[in-house]
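The file work-v5.txt comes next; it holds compact mmCIF, C-alpha atoms.
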```txt
# COMPACT_ATOMS: atom_id res chain seq x y z
CA ALA M 941 -8.06 -1.66 -19.12
CA ALA M 942 -9.52 -2.32 -15.65
CA CYS M 943 -6.19 -1.64 -13.91
CA PRO M 944 -6.66 1.54 -11.79
CA VAL M 945 -2.92 2.26 -12.00
CA GLY M 946 -2.78 1.95 -15.79
CA ASN M 947 -0.36 -0.98 -16.01
CA ASP M 948 0.11 -2.26 -19.57
CA ILE M 949 -0.92 -5.77 -18.57
CA VAL M 950 -0.93 -7.32 -22.05
CA ARG M 951 2.62 -6.18 -22.83
CA PHE M 952 4.15 -7.09 -19.46
CA ILE M 953 2.70 -10.61 -19.67
CA GLN M 954 4.04 -10.91 -23.24
CA LYS M 955 7.49 -10.05 -21.85
CA ILE M 956 7.10 -12.82 -19.26
CA THR M 957 6.20 -15.38 -21.94
CA GLN M 958 9.42 -14.36 -23.71
CA GLU M 959 11.27 -14.83 -20.37
CA ASP M 960 12.24 -11.16 -20.45
CA PHE M 961 11.42 -10.67 -16.77
CA GLU M 962 13.53 -7.54 -16.44
CA GLY M 963 11.73 -6.00 -19.42
CA ALA M 964 8.39 -6.86 -17.80
CA TRP M 965 9.51 -5.09 -14.60
CA ASN M 966 10.58 -2.00 -16.57
CA LEU M 967 7.17 -1.90 -18.27
CA ILE M 968 5.27 -2.08 -14.99
CA LYS M 969 7.50 0.59 -13.45
CA GLU M 970 6.55 3.04 -16.23
CA GLU M 971 3.23 3.55 -14.42
CA ASN M 972 3.52 1.91 -11.02
CA PRO M 973 6.30 2.45 -8.45
CA PHE M 974 4.94 -0.35 -6.24
CA PRO M 975 4.76 -3.66 -8.15
CA GLY M 976 5.94 -5.67 -5.13
CA ILE M 977 3.25 -4.07 -2.96
CA CYS M 978 0.45 -4.22 -5.54
CA GLY M 979 1.46 -7.80 -6.36
CA ARG M 980 0.56 -8.61 -2.75
CA VAL M 981 -2.24 -6.32 -1.56
CA CYS M 982 -4.02 -5.03 -4.69
CA PHE M 983 -7.54 -6.45 -5.06
CA HIS M 984 -6.74 -7.03 -8.78
CA PRO M 985 -9.92 -5.82 -10.54
CA CYS M 986 -8.04 -6.57 -13.78
CA GLU M 987 -8.64 -10.29 -13.24
CA SER M 988 -12.42 -9.82 -12.94
CA LYS M 989 -12.36 -8.25 -16.44
CA CYS M 990 -9.92 -10.73 -18.01
CA ASN M 991 -11.78 -12.33 -20.92
CA ARG M 992 -9.94 -15.61 -20.34
CA GLY M 993 -12.37 -15.96 -17.41
CA ASP M 994 -15.22 -16.50 -19.90
CA TYR M 995 -13.42 -19.65 -21.06
CA ASP M 996 -12.02 -21.15 -17.84
CA GLU M 997 -10.16 -18.91 -15.37
CA PRO M 998 -8.65 -15.39 -15.54
CA ILE M 999 -4.90 -15.11 -15.99
CA ALA M 1000 -3.19 -14.74 -12.59
CA ILE M 1001 -2.12 -11.14 -13.27
CA HIS M 1002 -1.74 -10.37 -9.56
CA ALA M 1003 0.69 -13.24 -8.95
CA LEU M 1004 2.62 -12.45 -12.13
CA GLU M 1005 3.19 -8.86 -11.00
CA ARG M 1006 4.48 -10.12 -7.65
CA PHE M 1007 6.80 -12.60 -9.39
CA VAL M 1008 8.25 -9.95 -11.70
CA SER M 1009 8.92 -7.61 -8.76
CA ASP M 1010 10.59 -10.30 -6.66
CA PHE M 1011 12.67 -11.43 -9.65
CA ALA M 1012 13.90 -7.86 -10.18
CA SER M 1013 14.73 -7.51 -6.49
CA ASN M 1014 16.97 -10.58 -6.71
CA LEU M 1015 18.84 -8.77 -9.49
CA SER M 1016 18.98 -5.66 -7.24
CA LYS M 1017 17.30 -3.70 -10.04
CA LYS M 1018 16.52 -0.01 -9.49
CA ILE M 1019 15.14 2.69 -11.76
CA GLU M 1020 18.12 4.95 -12.30
CA LYS M 1021 18.09 8.70 -11.76
CA SER M 1022 17.51 10.46 -15.07
CA PRO M 1023 20.27 12.81 -16.20
CA GLY M 1024 19.31 16.35 -17.13
CA VAL M 1025 18.63 19.81 -15.75
CA ARG M 1026 16.28 19.85 -12.76
CA LYS M 1027 13.05 21.77 -13.39
CA GLY M 1028 12.34 23.01 -9.87
CA LYS M 1029 11.44 21.88 -6.36
CA VAL M 1030 8.23 20.26 -5.17
CA ALA M 1031 7.23 19.56 -1.55
CA ILE M 1032 5.05 16.55 -0.74
CA ILE M 1033 3.25 16.27 2.61
CA GLY M 1034 2.85 12.59 3.46
CA SER M 1035 4.79 9.50 2.41
CA GLY M 1036 1.94 7.07 1.86
CA PRO M 1037 1.07 5.52 -1.52
CA ALA M 1038 -0.27 8.80 -2.97
CA GLY M 1039 2.66 10.93 -1.80
CA MET M 1040 5.32 8.45 -2.85
CA SER M 1041 3.69 7.80 -6.24
CA CYS M 1042 3.65 11.56 -6.85
CA ALA M 1043 7.31 11.78 -5.77
CA TYR M 1044 8.25 8.92 -8.11
CA HIS M 1045 6.68 10.41 -11.23
CA LEU M 1046 7.91 13.95 -10.49
CA ALA M 1047 11.47 12.69 -9.97
CA LYS M 1048 11.30 10.93 -13.35
CA LEU M 1049 10.19 14.26 -14.83
CA HIS M 1050 13.39 15.91 -13.47
CA TYR M 1051 11.97 17.67 -10.42
CA ASP M 1052 13.73 17.85 -7.06
CA VAL M 1053 11.32 16.34 -4.56
CA ASN M 1054 11.25 16.60 -0.76
CA VAL M 1055 8.75 14.43 1.11
CA PHE M 1056 7.75 15.44 4.66
CA GLU M 1057 6.35 12.67 6.88
CA SER M 1058 4.92 13.19 10.38
CA SER M 1059 5.70 9.70 11.72
CA SER M 1060 9.14 8.25 12.35
CA SER M 1061 8.97 5.95 9.29
CA SER M 1062 7.82 6.43 5.72
CA GLY M 1063 5.04 4.47 4.04
CA GLY M 1064 1.86 5.83 5.60
CA MET M 1065 -0.98 3.34 5.74
CA LEU M 1066 1.14 0.80 3.86
CA ARG M 1067 3.30 0.57 6.99
CA SER M 1068 0.81 1.27 9.75
CA GLY M 1069 -2.43 -0.19 8.40
CA ILE M 1070 -1.51 -3.36 6.48
CA PRO M 1071 -0.36 -6.37 8.56
CA SER M 1072 3.06 -7.86 7.85
CA TYR M 1073 1.62 -11.22 6.83
CA ARG M 1074 0.05 -9.44 3.83
CA LEU M 1075 2.82 -6.91 3.18
CA PRO M 1076 6.26 -7.78 4.58
CA LYS M 1077 8.07 -4.64 5.72
CA ASP M 1078 11.21 -5.53 3.74
CA VAL M 1079 9.15 -5.37 0.51
CA LEU M 1080 7.80 -1.94 1.51
CA ASP M 1081 11.32 -0.72 2.41
CA ARG M 1082 12.68 -2.03 -0.89
CA GLU M 1083 10.12 -0.19 -3.00
CA ILE M 1084 10.52 3.07 -1.08
CA SER M 1085 14.31 2.86 -1.43
CA ASN M 1086 13.83 2.48 -5.20
CA ILE M 1087 12.05 5.85 -5.18
CA GLU M 1088 14.79 7.41 -3.04
CA ALA M 1089 17.33 6.17 -5.62
CA LEU M 1090 15.77 8.65 -8.07
CA GLY M 1091 16.93 11.49 -5.80
CA VAL M 1092 13.75 11.86 -3.71
CA GLU M 1093 14.53 13.02 -0.17
CA ILE M 1094 12.22 11.82 2.64
CA ARG M 1095 12.25 13.68 5.96
CA THR M 1096 10.45 11.88 8.78
CA GLY M 1097 9.19 13.18 12.11
CA ILE M 1098 8.04 16.45 10.51
CA ARG M 1099 4.40 17.51 10.90
CA LEU M 1100 2.86 20.38 8.94
CA GLY M 1101 1.58 23.00 11.36
CA GLU M 1102 3.99 21.99 14.14
CA ASN M 1103 7.67 21.82 13.13
CA LEU M 1104 6.91 22.68 9.48
CA THR M 1105 5.15 25.89 8.45
CA TRP M 1106 3.86 27.25 5.14
CA ASP M 1107 6.67 29.82 5.28
CA ASP M 1108 9.18 26.95 5.32
CA LEU M 1109 7.74 25.83 1.97
CA LYS M 1110 7.75 29.19 0.17
CA ASP M 1111 10.75 28.27 -2.02
CA TYR M 1112 8.94 25.28 -3.56
CA GLN M 1113 7.23 25.66 -6.93
CA ALA M 1114 4.37 23.39 -5.85
CA ILE M 1115 3.08 21.55 -2.77
CA PHE M 1116 1.24 18.22 -2.97
CA ILE M 1117 -0.77 17.31 0.14
CA ALA M 1118 -1.17 13.55 0.64
CA THR M 1119 -1.93 13.21 4.33
CA GLY M 1120 -4.17 10.17 3.91
CA VAL M 1121 -7.19 8.98 5.89
CA HIS M 1122 -5.91 7.70 9.21
CA ARG M 1123 -9.09 8.03 11.28
CA SER M 1124 -11.60 5.23 11.69
CA ARG M 1125 -15.29 5.98 11.29
CA GLY M 1126 -17.23 5.82 14.54
CA LEU M 1127 -20.40 3.79 15.06
CA HIS M 1128 -22.15 6.70 16.85
CA ILE M 1129 -23.71 4.43 19.44
CA PRO M 1130 -23.59 4.55 23.28
CA GLY M 1131 -20.58 2.84 24.83
CA GLU M 1132 -18.10 3.12 21.97
CA LYS M 1133 -15.90 5.54 23.91
CA THR M 1134 -15.23 3.07 26.73
CA ARG M 1135 -11.72 1.78 27.45
CA ARG M 1136 -12.35 -1.72 26.10
CA VAL M 1137 -13.40 -0.47 22.65
CA LEU M 1138 -10.64 0.12 20.09
CA SER M 1139 -10.84 1.30 16.49
CA GLY M 1140 -9.60 -1.12 13.86
CA LEU M 1141 -6.97 1.23 12.43
CA ASP M 1142 -5.62 2.12 15.88
CA LEU M 1143 -5.29 -1.55 16.76
CA LEU M 1144 -3.50 -2.37 13.48
CA ARG M 1145 -1.21 0.63 13.97
CA LYS M 1146 -0.21 -0.60 17.44
CA ILE M 1147 0.37 -4.16 16.22
CA ASN M 1148 2.43 -2.98 13.24
CA SER M 1149 4.58 -0.73 15.44
CA GLY M 1150 5.36 -3.65 17.77
CA LYS M 1151 3.61 -2.15 20.81
CA LYS M 1152 2.51 -4.53 23.54
CA LEU M 1153 -1.26 -4.81 23.78
CA LYS M 1154 -3.38 -5.76 26.75
CA LEU M 1155 -6.26 -7.69 25.25
CA GLY M 1156 -8.67 -10.24 26.62
CA ASP M 1157 -8.86 -13.77 25.26
CA LYS M 1158 -12.01 -13.17 23.19
CA ILE M 1159 -12.25 -10.21 20.80
CA ALA M 1160 -15.42 -9.11 18.99
CA ILE M 1161 -14.86 -7.25 15.73
CA ILE M 1162 -17.75 -5.10 14.47
CA GLY M 1163 -17.79 -4.75 10.70
CA GLY M 1164 -17.29 -6.83 7.58
CA GLY M 1165 -14.77 -4.90 5.49
CA ASN M 1166 -11.09 -5.53 4.81
CA THR M 1167 -10.00 -3.73 7.98
CA ALA M 1168 -12.22 -6.07 10.03
CA ILE M 1169 -10.63 -9.10 8.32
CA ASP M 1170 -7.11 -7.73 8.88
CA VAL M 1171 -7.89 -7.15 12.57
CA ALA M 1172 -9.37 -10.65 12.96
CA ARG M 1173 -6.38 -12.38 11.37
CA SER M 1174 -3.94 -10.24 13.38
CA ILE M 1175 -5.82 -11.10 16.60
CA LEU M 1176 -5.60 -14.82 15.79
CA ARG M 1177 -1.84 -14.42 15.35
CA LEU M 1178 -1.69 -13.03 18.89
CA GLY M 1179 -3.23 -16.28 20.16
CA LYS M 1180 -6.66 -14.78 20.84
CA LYS M 1181 -10.14 -15.79 19.68
CA ALA M 1182 -11.65 -13.45 17.07
CA THR M 1183 -15.35 -13.22 16.22
CA ILE M 1184 -16.58 -10.95 13.42
CA LEU M 1185 -20.03 -9.44 13.95
CA TYR M 1186 -21.65 -8.05 10.80
CA ARG M 1187 -25.12 -6.57 10.38
CA ARG M 1188 -25.91 -8.14 7.01
CA SER M 1189 -25.37 -11.59 5.47
CA LYS M 1190 -21.96 -13.12 4.83
CA GLU M 1191 -22.54 -12.73 1.07
CA GLU M 1192 -23.00 -8.98 1.55
CA MET M 1193 -19.74 -8.44 3.43
CA PRO M 1194 -17.63 -5.89 1.50
CA ALA M 1195 -14.31 -7.59 2.30
CA PHE M 1196 -12.48 -9.31 -0.56
CA GLU M 1197 -13.61 -12.90 -1.00
CA ASP M 1198 -10.07 -14.34 -0.82
CA GLU M 1199 -9.40 -12.52 2.45
CA MET M 1200 -12.65 -13.82 3.97
CA ALA M 1201 -11.88 -17.39 2.94
CA GLU M 1202 -8.36 -17.19 4.42
CA ALA M 1203 -9.70 -15.66 7.65
CA MET M 1204 -12.17 -18.52 8.14
CA GLU M 1205 -9.47 -21.04 7.27
```

Starting from the file, give its structure as C-alpha cells.
Amino acid sequence: AACPVGNDIVRFIQKITQEDFEGAWNLIKEENPFPGICGRVCFHPCESKCNRGDYDEPIAIHALERFVSDFASNLSKKIEKSPGVRKGKVAIIGSGPAGMSCAYHLAKLHYDVNVFESSSSSGGMLRSGIPSYRLPKDVLDREISNIEALGVEIRTGIRLGENLTWDDLKDYQAIFIATGVHRSRGLHIPGEKTRRVLSGLDLLRKINSGKKLKLGDKIAIIGGGNTAIDVARSILRLGKKATILYRRSKEEMPAFEDEMAEAME
C-alpha cells in the first residue's frame, strides 16, 4: 500500500512466482506506464513498508519491477490501442512523467490526446535531469513509444505562449498543464551569480544533451540531496574531482542512502 503509483505489488509478484512474467507486466501497466523507469529510479518506499523486513530483508520489489519491464521489452510487448468510439480531444502541455502518465490513462479511456512539448525531445526531467547511468535513454524512449502506440501524438518544439496560443487549443475538451519544475532554487548569498557558479539542474541538462562543458579539475557541489549526488557522480564520469559540501551531518543528508553509498564508492 506504500506504492505512490498504486501498483498491485502482491499480485504482480505472485505472477512472477508463477513465471507469468507477461501477466506481471500487464498488471503493473494497469496503473503505471513507466515500469522500466520506476524499476530504475524510483526510491521504492514500498520496500521500507514490506513486512518481510521485520523478519530478515524486504522483498526486492524495485528490482523485480525492472526485471518484468526488461523481460516484456525483449518480447516487444506493447499495450494495444483500445477499440471503440473516441470520447473527445485533450491537450497536454509538457511531456514529462506527469504529462505522459495523464496521456497514457486518457488514451486508455478512449480520448484523443495531443501532447505539446517545448524542447526538441519528449520526456521532460526524465530526459534532461536524470543521468544516463541511472536511466538509459533507450529505456526512456521505449516507454514513451509504448504510450505513443496507444494513439497519443507528441509534438515537440512547441512552447505555450510562443508558437502555441490558448486560441489554438479552443477545440480541445480539456487542457492538462504539466510543465514541471525545471528551475533550481537559489542560495540567496553573495557571489552565486558569478560565471563559475552553475545550478545543478542546468549542469545535468547540459551533460544529458551532450553539450561540451568547460569545467575546472576540482568541482565543489553545495547541497546533499539527490541532485547533488547526481551532479557529483556525473562530474566523476567527466574525469573531474567532485567534493560535496553539506551544512549538516552526513546522516542528515536527504539523498537516498543507496545513491550516497554508490557516490562514495

As AutoDock Vina command-line options, please: the centre and edge lengths in Å, to one decimal, of an axis-aligned box enclosing every listed atom of range 1199-1205 of chain M with 4 Å added on each side.
```
--center_x -10.5 --center_y -16.8 --center_z 5.3 --size_x 12.3 --size_y 16.5 --size_z 13.7
```

Worksheet item: Leaving out Leu1153 in chain M and any residue of its chain fewer than 2 positions from it, which residues lie within 12 Å of it when counting all atoms listed in the file, given as a count of residues only?
Response: 18

Practice prompt. For CA of Arg980 in chain M and CA of Glu1192 in chain M, quote the distance in Å rounded to one decimal.
Written response: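 Separation of CA of Arg980 in chain M and CA of Glu1192 in chain M: 24.0 Å.
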
Item to complete: For range 1059-1076 of chain M, work out the shell of residues within 9 Å, counting all atoms listed in the file and skipping chain neighbours fewer than 5 positions away, then give it as a PyMOL selection string.
Response: chain M and resi 976-977+980-981+1034-1037+1040+1081+1084+1094-1099+1119-1122+1141-1149+1167+1170-1171+1173-1174

Worksheet item: For the atom pair CA of Val1092 in chain M and CA of Leu1046 in chain M, what is the interatomic distance in Å to one decimal place?
Response: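 Computing it gives 9.2 Å between the two atoms.
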
Worksheet item: With only C-alpha atoms as the atoms that count, which of M:Lys1181, M:Lys1027, M:Leu1004, M:His1045 lies nearest to Thr957 in chain M?
Response: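 Once distances to Thr957 in chain M are computed over only C-alpha atoms, the minimum belongs to M:Leu1004.
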